[in-house]
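As provided, upload.txt (compact mmCIF, C-alpha atoms) reads as follows.
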```txt
# COMPACT_ATOMS: atom_id res chain seq x y z
CA MET A 1 -8.34 56.18 -16.07
CA THR A 2 -4.82 55.16 -17.01
CA ALA A 3 -5.96 54.46 -20.58
CA LEU A 4 -7.65 57.86 -20.79
CA LEU A 5 -4.60 59.71 -19.45
CA THR A 6 -2.43 57.84 -21.94
CA CYS A 7 -4.69 58.96 -24.79
CA ALA A 8 -4.65 62.54 -23.53
CA MET A 9 -0.85 62.59 -23.62
CA ALA A 10 -0.90 61.09 -27.12
CA PHE A 11 -3.28 63.68 -28.52
CA SER A 12 -1.53 66.60 -26.82
CA MET A 13 1.53 66.05 -29.03
CA LEU A 14 0.09 64.18 -32.00
CA GLN A 15 0.56 67.19 -34.27
CA LEU A 16 4.34 67.07 -33.73
CA PHE A 17 4.60 63.47 -34.83
CA LEU A 18 2.21 63.93 -37.74
CA LEU A 19 4.23 66.85 -39.08
CA GLY A 20 7.38 64.74 -38.78
CA ALA A 21 5.94 61.52 -40.20
CA LEU A 22 4.13 63.31 -43.03
CA GLY A 23 7.07 65.64 -43.63
CA PRO A 24 7.99 64.17 -47.05
CA ARG A 25 4.38 64.55 -48.23
CA LEU A 26 4.10 68.10 -46.87
CA VAL A 27 7.34 69.15 -48.55
CA THR A 28 6.10 67.73 -51.86
CA GLU A 29 2.36 68.46 -51.82
CA LEU A 30 2.11 71.62 -49.72
CA GLY A 31 5.34 73.16 -50.94
CA VAL A 32 6.85 73.84 -47.50
CA SER A 33 10.63 73.79 -47.20
CA PRO A 34 12.55 71.73 -44.62
CA ALA A 35 13.29 74.98 -42.77
CA VAL A 36 9.57 75.83 -42.58
CA LEU A 37 8.88 72.30 -41.37
CA GLY A 38 11.22 72.99 -38.46
CA LEU A 39 9.56 76.35 -37.86
CA THR A 40 6.20 74.65 -37.29
CA THR A 41 7.71 72.80 -34.36
CA THR A 42 9.28 75.99 -33.05
CA ILE A 43 5.98 77.86 -33.05
CA GLY A 44 3.97 75.04 -31.51
CA PHE A 45 6.38 74.31 -28.70
CA GLY A 46 7.38 77.92 -28.23
CA THR A 47 3.72 78.58 -27.47
CA ALA A 48 3.65 75.60 -25.09
CA ALA A 49 6.81 76.77 -23.31
CA VAL A 50 5.44 80.29 -22.78
CA LEU A 51 2.03 79.06 -21.59
CA SER A 52 3.20 76.15 -19.42
CA PRO A 53 3.72 78.09 -16.16
CA ALA A 54 0.25 79.62 -16.49
CA GLY A 55 -1.10 76.21 -17.51
CA GLY A 56 0.15 74.71 -14.26
CA ARG A 57 -1.67 77.37 -12.27
CA ILE A 58 -4.84 76.82 -14.27
CA VAL A 59 -4.78 73.08 -13.62
CA ASP A 60 -4.16 73.58 -9.90
CA ARG A 61 -7.12 75.98 -9.89
CA ILE A 62 -9.82 74.32 -12.04
CA GLY A 63 -8.90 70.64 -11.61
CA PRO A 64 -7.75 67.83 -13.90
CA ARG A 65 -11.14 66.84 -15.38
CA ARG A 66 -11.95 70.24 -16.83
CA SER A 67 -8.35 70.68 -17.95
CA LEU A 68 -8.29 67.36 -19.81
CA VAL A 69 -11.58 68.03 -21.61
CA VAL A 70 -10.29 71.43 -22.77
CA LEU A 71 -6.98 69.82 -23.80
CA LEU A 72 -8.64 67.23 -26.02
CA ILE A 73 -11.07 69.67 -27.65
CA LEU A 74 -8.25 72.08 -28.49
CA SER A 75 -6.17 69.19 -29.87
CA ALA A 76 -9.05 68.29 -32.19
CA ALA A 77 -9.37 71.91 -33.31
CA ALA A 78 -5.65 72.26 -34.04
CA LEU A 79 -5.54 69.02 -36.04
CA SER A 80 -8.63 70.09 -38.01
CA LEU A 81 -6.93 73.35 -38.97
CA ILE A 82 -3.72 71.56 -39.97
CA GLY A 83 -5.74 69.33 -42.27
CA ALA A 84 -7.41 72.39 -43.83
CA ALA A 85 -4.22 74.44 -44.27
CA PRO A 86 -3.71 75.60 -47.89
CA GLY A 87 -0.16 76.73 -47.19
CA ALA A 88 2.41 77.61 -44.58
CA GLY A 89 0.44 80.51 -43.03
CA LEU A 90 -2.56 78.60 -41.64
CA LEU A 91 -0.32 75.64 -40.89
CA LEU A 92 1.80 77.78 -38.55
CA GLY A 93 -1.33 79.24 -36.90
CA ALA A 94 -2.73 75.76 -36.31
CA VAL A 95 0.41 74.48 -34.63
CA ALA A 96 0.45 77.57 -32.41
CA LEU A 97 -3.05 76.63 -31.22
CA GLY A 98 -1.76 73.10 -30.66
CA GLY A 99 0.72 74.49 -28.14
CA VAL A 100 -2.11 75.13 -25.66
CA PRO A 101 -2.99 71.45 -25.02
CA GLN A 102 0.72 70.69 -24.78
CA ALA A 103 1.00 73.24 -21.97
CA LEU A 104 -1.88 71.58 -20.09
CA ALA A 105 -0.95 67.93 -20.63
CA ASN A 106 1.72 67.21 -18.01
CA PRO A 107 0.22 69.20 -15.11
CA ALA A 108 -3.32 67.90 -15.79
CA THR A 109 -2.37 64.24 -16.06
CA ASN A 110 0.08 64.41 -13.14
CA LYS A 111 -2.60 66.03 -10.98
CA ALA A 112 -5.04 63.27 -11.92
CA VAL A 113 -2.50 60.61 -10.94
CA LEU A 114 -1.79 62.24 -7.58
CA ARG A 115 -5.51 62.52 -6.89
CA ALA A 116 -6.57 58.97 -7.78
CA VAL A 117 -3.56 56.60 -7.66
CA PRO A 118 -2.01 55.15 -4.48
CA PRO A 119 1.64 56.22 -3.94
CA ALA A 120 2.99 52.72 -4.53
CA ARG A 121 1.56 52.62 -8.06
CA ARG A 122 2.24 56.19 -9.16
CA GLY A 123 5.58 55.44 -10.83
CA ALA A 124 4.10 52.70 -12.99
CA VAL A 125 0.98 54.70 -13.88
CA THR A 126 3.08 57.77 -14.68
CA GLY A 127 5.27 55.72 -17.01
CA LEU A 128 2.21 54.31 -18.76
CA LYS A 129 0.53 57.67 -19.26
CA GLN A 130 3.81 59.32 -20.35
CA SER A 131 4.17 56.54 -22.91
CA GLY A 132 1.07 58.02 -24.52
CA VAL A 133 3.34 60.57 -26.19
CA GLN A 134 5.12 57.73 -27.95
CA LEU A 135 1.78 56.08 -28.69
CA GLY A 136 1.10 59.25 -30.66
CA ALA A 137 4.38 58.75 -32.51
CA PHE A 138 3.38 55.19 -33.38
CA ALA A 139 -0.07 56.30 -34.56
CA ALA A 140 1.44 59.01 -36.76
CA GLY A 141 4.18 56.81 -38.13
CA LEU A 142 2.17 53.72 -39.02
CA PRO A 143 -1.68 53.70 -39.13
CA LEU A 144 -2.12 57.39 -39.99
CA ALA A 145 0.79 57.33 -42.45
CA LEU A 146 -0.73 54.28 -44.15
CA LEU A 147 -4.09 56.05 -44.17
CA ALA A 148 -2.44 59.07 -45.79
CA GLY A 149 -1.27 56.80 -48.59
CA GLY A 150 -4.89 55.84 -49.27
CA ILE A 151 -7.01 58.95 -48.61
CA GLY A 152 -4.35 61.67 -48.59
CA TRP A 153 -2.51 63.39 -45.78
CA ARG A 154 -5.42 65.77 -45.06
CA GLY A 155 -7.83 62.89 -44.52
CA ALA A 156 -5.36 61.23 -42.16
CA VAL A 157 -5.00 64.41 -40.08
CA TRP A 158 -8.78 64.88 -39.94
CA THR A 159 -9.12 61.29 -38.73
CA GLY A 160 -6.80 62.16 -35.85
CA ALA A 161 -8.91 65.23 -35.10
CA GLY A 162 -12.10 63.15 -34.91
CA ALA A 163 -10.43 60.67 -32.57
CA ALA A 164 -9.31 63.52 -30.27
CA LEU A 165 -12.87 64.85 -30.10
CA LEU A 166 -14.17 61.40 -29.14
CA ALA A 167 -11.54 61.19 -26.41
CA GLY A 168 -12.79 64.53 -25.08
CA LEU A 169 -16.29 63.13 -24.77
CA TRP A 170 -14.86 60.05 -23.07
CA ALA A 171 -13.08 62.23 -20.50
CA LEU A 172 -16.24 64.18 -19.84
CA ARG A 173 -18.17 60.98 -19.10
CA VAL A 174 -15.73 58.90 -17.05
CA LEU A 175 -13.54 61.24 -15.01
CA PRO A 176 -14.78 62.16 -11.52
CA ALA A 177 -15.97 65.72 -11.03
CA ASP A 178 -13.35 68.23 -9.96
CA PRO A 179 -13.48 69.51 -6.39
CA ALA A 180 -14.48 73.09 -5.75
CA PRO A 181 -11.69 75.52 -6.63
CA PRO A 182 -9.49 76.30 -3.64
CA PRO A 183 -9.53 79.82 -2.22
CA ALA A 184 -7.08 82.10 -3.96
CA GLY A 185 -3.81 82.15 -2.08
CA PRO A 186 -0.60 84.07 -2.63
CA ARG A 187 0.73 83.79 -6.17
CA THR A 188 3.60 81.36 -6.45
CA ALA A 189 6.79 82.27 -8.29
CA LEU A 190 7.04 81.34 -11.95
CA VAL A 191 10.83 80.97 -11.75
CA PRO A 192 11.87 77.35 -11.10
CA ARG A 193 14.11 76.72 -8.11
CA GLY A 194 16.05 73.80 -6.70
CA MET A 195 15.44 70.42 -8.28
CA VAL A 196 12.77 71.88 -10.58
CA ALA A 197 15.29 74.35 -12.04
CA TRP A 198 17.85 71.60 -12.70
CA LEU A 199 15.25 69.37 -14.33
CA ALA A 200 14.00 72.27 -16.46
CA VAL A 201 17.52 72.88 -17.85
CA PHE A 202 18.04 69.14 -18.38
CA SER A 203 14.71 69.00 -20.20
CA LEU A 204 15.66 72.00 -22.37
CA PHE A 205 18.66 70.18 -23.88
CA LEU A 206 16.87 66.83 -23.99
CA GLY A 207 13.86 68.36 -25.76
CA ALA A 208 16.04 70.10 -28.33
CA GLY A 209 17.52 66.78 -29.42
CA ILE A 210 14.28 64.79 -29.32
CA ALA A 211 12.38 67.40 -31.34
CA SER A 212 15.03 67.39 -34.06
CA VAL A 213 14.78 63.61 -34.33
CA ASN A 214 10.97 63.66 -34.37
CA THR A 215 10.82 66.38 -37.02
CA TYR A 216 13.54 65.26 -39.40
CA LEU A 217 13.96 61.49 -39.01
CA ALA A 218 11.43 60.60 -41.71
CA LEU A 219 12.73 63.32 -44.04
CA PHE A 220 16.28 62.04 -43.49
CA GLY A 221 15.20 58.54 -44.46
CA ALA A 222 13.47 59.79 -47.59
CA GLN A 223 16.07 62.29 -48.79
CA ARG A 224 19.36 60.65 -47.84
CA LEU A 225 18.68 56.95 -47.38
CA GLY A 226 16.38 56.40 -50.39
CA MET A 227 13.34 55.27 -48.39
CA GLY A 228 9.77 55.73 -49.65
CA PRO A 229 7.38 58.01 -47.72
CA THR A 230 5.62 55.14 -45.92
CA ALA A 231 8.86 53.37 -44.97
CA ALA A 232 10.36 56.66 -43.79
CA ALA A 233 7.28 57.33 -41.65
CA ALA A 234 7.68 53.86 -40.16
CA LEU A 235 10.91 55.09 -38.56
CA VAL A 236 8.77 57.38 -36.40
CA ALA A 237 6.49 54.44 -35.54
CA VAL A 238 9.47 52.32 -34.48
CA LEU A 239 10.75 55.17 -32.35
CA GLY A 240 7.29 55.43 -30.79
CA VAL A 241 7.05 51.74 -29.89
CA ALA A 242 10.54 51.80 -28.37
CA GLY A 243 9.61 54.93 -26.44
CA ILE A 244 6.53 53.28 -24.96
CA ALA A 245 8.60 50.37 -23.67
CA GLY A 246 11.33 52.69 -22.41
CA ARG A 247 9.02 55.08 -20.58
CA VAL A 248 7.10 52.30 -18.85
CA GLY A 249 10.22 50.35 -17.90
CA TRP A 250 12.37 53.23 -16.71
CA SER A 251 9.50 54.86 -14.79
CA LYS A 252 8.93 51.62 -12.86
CA ALA A 253 12.66 51.55 -12.07
CA ALA A 254 12.67 55.19 -10.89
CA ARG A 255 12.45 54.50 -7.18
CA PRO A 256 13.81 57.05 -4.67
CA GLY A 257 17.58 56.70 -4.46
CA ARG A 258 17.79 55.44 -8.04
CA ALA A 259 15.57 57.91 -9.85
CA GLU A 260 17.99 60.77 -9.24
CA TRP A 261 20.69 59.09 -11.36
CA LEU A 262 18.51 57.85 -14.21
CA PRO A 263 18.24 61.14 -16.21
CA GLY A 264 22.02 61.30 -16.62
CA TRP A 265 22.33 57.66 -17.69
CA LEU A 266 19.43 57.97 -20.11
CA ALA A 267 20.94 61.08 -21.69
CA CYS A 268 24.22 59.19 -22.20
CA GLY A 269 22.30 56.45 -24.00
CA ALA A 270 20.60 59.13 -26.12
CA LEU A 271 24.03 60.49 -27.07
CA CYS A 272 24.98 57.06 -28.44
CA ALA A 273 21.68 56.92 -30.35
CA ALA A 274 22.42 60.21 -32.11
CA VAL A 275 25.84 58.90 -33.15
CA LEU A 276 24.13 55.85 -34.64
CA LEU A 277 21.88 58.11 -36.73
CA ALA A 278 24.93 59.92 -38.07
CA ALA A 279 26.57 56.58 -38.84
CA ALA A 280 23.53 55.57 -40.91
CA LEU A 281 24.95 57.74 -43.69
CA LEU A 282 27.63 55.05 -44.02
CA ALA A 283 25.48 52.01 -43.15
CA ALA A 284 21.79 52.72 -43.75
CA PRO A 285 20.36 49.91 -41.52
CA LEU A 286 21.81 51.69 -38.49
CA VAL A 287 19.01 54.24 -38.79
CA TRP A 288 16.59 51.65 -37.40
CA VAL A 289 18.90 50.89 -34.47
CA GLY A 290 19.32 54.60 -33.83
CA ALA A 291 15.55 55.19 -33.89
CA ILE A 292 15.01 52.39 -31.35
CA ALA A 293 17.77 53.76 -29.11
CA VAL A 294 16.30 57.28 -29.20
CA GLY A 295 12.99 55.80 -28.04
CA VAL A 296 14.49 53.66 -25.28
CA PHE A 297 16.79 56.33 -23.85
CA ALA A 298 16.03 59.90 -24.97
CA VAL A 299 12.24 59.97 -24.79
CA SER A 300 12.29 58.09 -21.48
CA GLY A 301 14.17 60.93 -19.80
CA ASN A 302 11.10 63.15 -19.69
CA ALA A 303 9.00 60.44 -18.03
CA VAL A 304 11.61 59.95 -15.31
CA SER A 305 11.70 63.73 -14.76
CA MET A 306 7.96 63.71 -14.14
CA VAL A 307 8.30 60.83 -11.67
CA LEU A 308 10.91 62.86 -9.77
CA VAL A 309 8.61 65.90 -9.69
CA MET A 310 5.74 63.84 -8.31
CA GLN A 311 7.96 62.20 -5.69
CA ARG A 312 9.22 65.52 -4.37
CA ALA A 313 6.51 68.12 -5.10
CA ALA A 314 5.23 70.08 -2.11
CA PRO A 315 1.48 69.78 -1.40
CA GLY A 316 -0.50 71.74 -3.94
CA ARG A 317 2.55 72.34 -6.15
CA ALA A 318 2.46 69.27 -8.41
CA GLY A 319 0.75 71.03 -11.29
CA GLN A 320 2.96 74.11 -11.11
CA ASP A 321 6.24 72.17 -10.75
CA SER A 322 5.28 69.80 -13.58
CA ALA A 323 4.50 72.80 -15.78
CA LEU A 324 7.84 74.50 -15.06
CA VAL A 325 9.79 71.35 -15.97
CA ALA A 326 7.59 70.93 -19.06
CA ALA A 327 8.31 74.56 -20.02
CA GLY A 328 12.00 73.69 -20.26
CA PHE A 329 11.21 70.62 -22.34
CA PHE A 330 8.98 72.58 -24.71
CA GLY A 331 11.58 75.34 -24.94
CA GLY A 332 14.00 72.72 -26.22
CA PHE A 333 11.41 71.55 -28.72
CA ALA A 334 11.12 75.14 -29.96
CA VAL A 335 14.87 75.71 -30.31
CA GLY A 336 16.13 72.36 -31.63
CA PRO A 337 14.41 71.87 -35.01
CA PRO A 338 15.24 75.32 -36.48
CA LEU A 339 18.93 74.77 -35.74
CA PHE A 340 18.77 71.31 -37.31
CA GLY A 341 16.70 72.72 -40.19
CA LEU A 342 19.49 75.08 -41.20
CA LEU A 343 21.67 72.02 -41.78
CA ALA A 344 18.90 69.88 -43.32
CA GLN A 345 18.12 72.65 -45.81
CA SER A 346 21.53 72.09 -47.38
CA GLY A 347 21.46 68.30 -46.93
CA ARG A 348 24.02 68.29 -44.13
CA TYR A 349 22.38 65.61 -42.01
CA GLY A 350 25.66 64.26 -40.62
CA PRO A 351 26.51 67.52 -38.80
CA GLY A 352 22.83 67.75 -37.83
CA TRP A 353 22.92 64.45 -35.96
CA LEU A 354 26.20 65.46 -34.31
CA LEU A 355 24.44 68.64 -33.12
CA VAL A 356 21.75 66.42 -31.59
CA ALA A 357 24.50 64.35 -29.93
CA ALA A 358 25.95 67.55 -28.42
CA GLU A 359 22.52 68.51 -27.06
CA PHE A 360 22.12 65.11 -25.42
CA ALA A 361 25.65 65.40 -23.99
CA ALA A 362 24.75 68.74 -22.40
CA ALA A 363 21.60 67.16 -20.90
CA ALA A 364 23.72 64.35 -19.44
CA ALA A 365 26.16 66.82 -17.88
CA VAL A 366 23.37 68.82 -16.22
CA ALA A 367 21.64 65.69 -14.89
CA VAL A 368 24.81 64.13 -13.46
CA LEU A 369 25.89 67.39 -11.83
CA TRP A 370 22.48 67.75 -10.17
CA ALA A 371 22.50 64.12 -8.95
CA VAL A 372 25.95 64.63 -7.38
CA ARG A 373 24.86 67.86 -5.66
CA ASP A 374 21.63 66.22 -4.50
CA ARG A 375 23.47 63.29 -2.96
CA ARG A 376 25.92 65.59 -1.17
CA ALA A 377 23.01 67.64 0.17
CA GLY A 378 21.34 64.45 1.41
CA VAL A 379 24.51 63.27 3.14
CA ALA A 380 25.02 66.66 4.73
```
Please rewrite the model in this file as structure tokens.
Amino acid sequence: MTALLTCAMAFSMLQLFLLGALGPRLVTELGVSPAVLGLTTTIGFGTAAVLSPAGGRIVDRIGPRRSLVVLLILSAAALSLIGAAPGAGLLLGAVALGGVPQALANPATNKAVLRAVPPARRGAVTGLKQSGVQLGAFAAGLPLALLAGGIGWRGAVWTGAGAALLAGLWALRVLPADPAPPPAGPRTALVPRGMVAWLAVFSLFLGAGIASVNTYLALFGAQRLGMGPTAAAALVAVLGVAGIAGRVGWSKAARPGRAEWLPGWLACGALCAAVLLAAALLAAPLVWVGAIAVGVFAVSGNAVSMVLVMQRAAPGRAGQDSALVAAGFFGGFAVGPPLFGLLAQSGRYGPGWLLVAAEFAAAAAVAVLWAVRDRRAGVA
């Protein structure tokens, strides 16, 4: 089940990493501008942010098995449409459809973990399945990018769509049947409160920075550092591998009493990573160090947030709370790339990476302030 949940997380966001890794090819072959490339991310994750609160309710209502099958089928459909897009119009529509599985991913997989995994192992399993997002980054940045060099970028995207459909059939066969839907109770509020509200704001700033890196890292390598399309895409793969290790490791370390402080420390590490990317304009090899650091620190912050939600969620609220935190994260993904794209359009990548550093600094401030308030509340 852990392997299946990891794959579900990978496919839920594969379109993001494919658009980033194949960005140089899309700009050249499809004629989209860097600003439009950022707009694709805005539309996809804007859709996910808007739908996430409702997605959490849906998962709590229909169960994780049905939710995961729907997630994987919709991921396959969105990737198929991206591969068929003749221009920016259908491309933007396809990524909007891809926002639906993103809205379902965290609540569905978290609900599956709570249902089937003993409490002592939930942190480790959550880290592994959250690392699926970075597995998607690796797949987009290396095997699918290499495949695009041989059969074209459309063939590579369609290959991803076929794999998502197979994963949907796998989920249908191996996951246990969902229990009967619970009786309808009073509608819960869609406005996050307490820890969930703090984590949603933290995730907003963290997501804005991560999305900018995911979308523009390969294009930065190709346009400013003189890298070929395949080598530039490999930056995304390296980020993905580092993110897998970071999410698994930090999630295992996120035990009660320590987990509350990890988001702030990870955001500080992400701030240093963004500075390294800016410094790559002076020393190009630093881009590889920066990509690794973004994976180890920035992308791990979201996994630790989900561990905190699962540790503290009230009974029956895991899906809804996960969705509200994810809504903040996806909101950041919607806002970050267009702001960065305005700078990338004119080749101003240095200020762009400093903007990402500022977003990570804001995430660190929110996380540390919450951890201090939480400790004081616990002492009181």
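Shell of Leu169 of chain A at 12 Å, with all atoms listed in the file counted and residues fewer than 6 places along the chain excluded, is Leu4, Ala8, Arg65, Arg66, Leu68, Val69, Val70, Leu71, Leu72, Ile73, Ala76, Gly162, Ala163 and Leu175 of chain A.
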Practice task
For Thr109 of chain A, please output as an MDAnalysis selection string all residues within 10 Å (counting all atoms listed in the file; exclusion window: fewer than 3 positions along the same chain).
Solution key: chainID A and resid 2 4:6 8:9 59 64:65 67:68 104:106 112:115 126 129:130 319 322
Practice task
Select, from A:Trp170, A:Phe17, A:Phe333, A:Trp158, the residue with the minimum atom-to-atom distance to Leu81 of chain A, counting all atoms listed in the file.
Solution key: A:Trp158
Handout entry: Among the residues A:Ala313, A:Pro86, A:Ala156, A:Tyr216, the one that comes closest to Leu342 of chain A [using all atoms listed in the file]
Key =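 Of all the options, A:Tyr216 lies closest to Leu342 of chain A.
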Practice task
Would you please work out which residue, of A:Trp261, A:Phe138, A:Trp198, A:Phe220, is nearest to Val236 of chain A when using all atoms listed in the file?
Solution key: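 Of all the options, A:Phe138 lies closest to Val236 of chain A.
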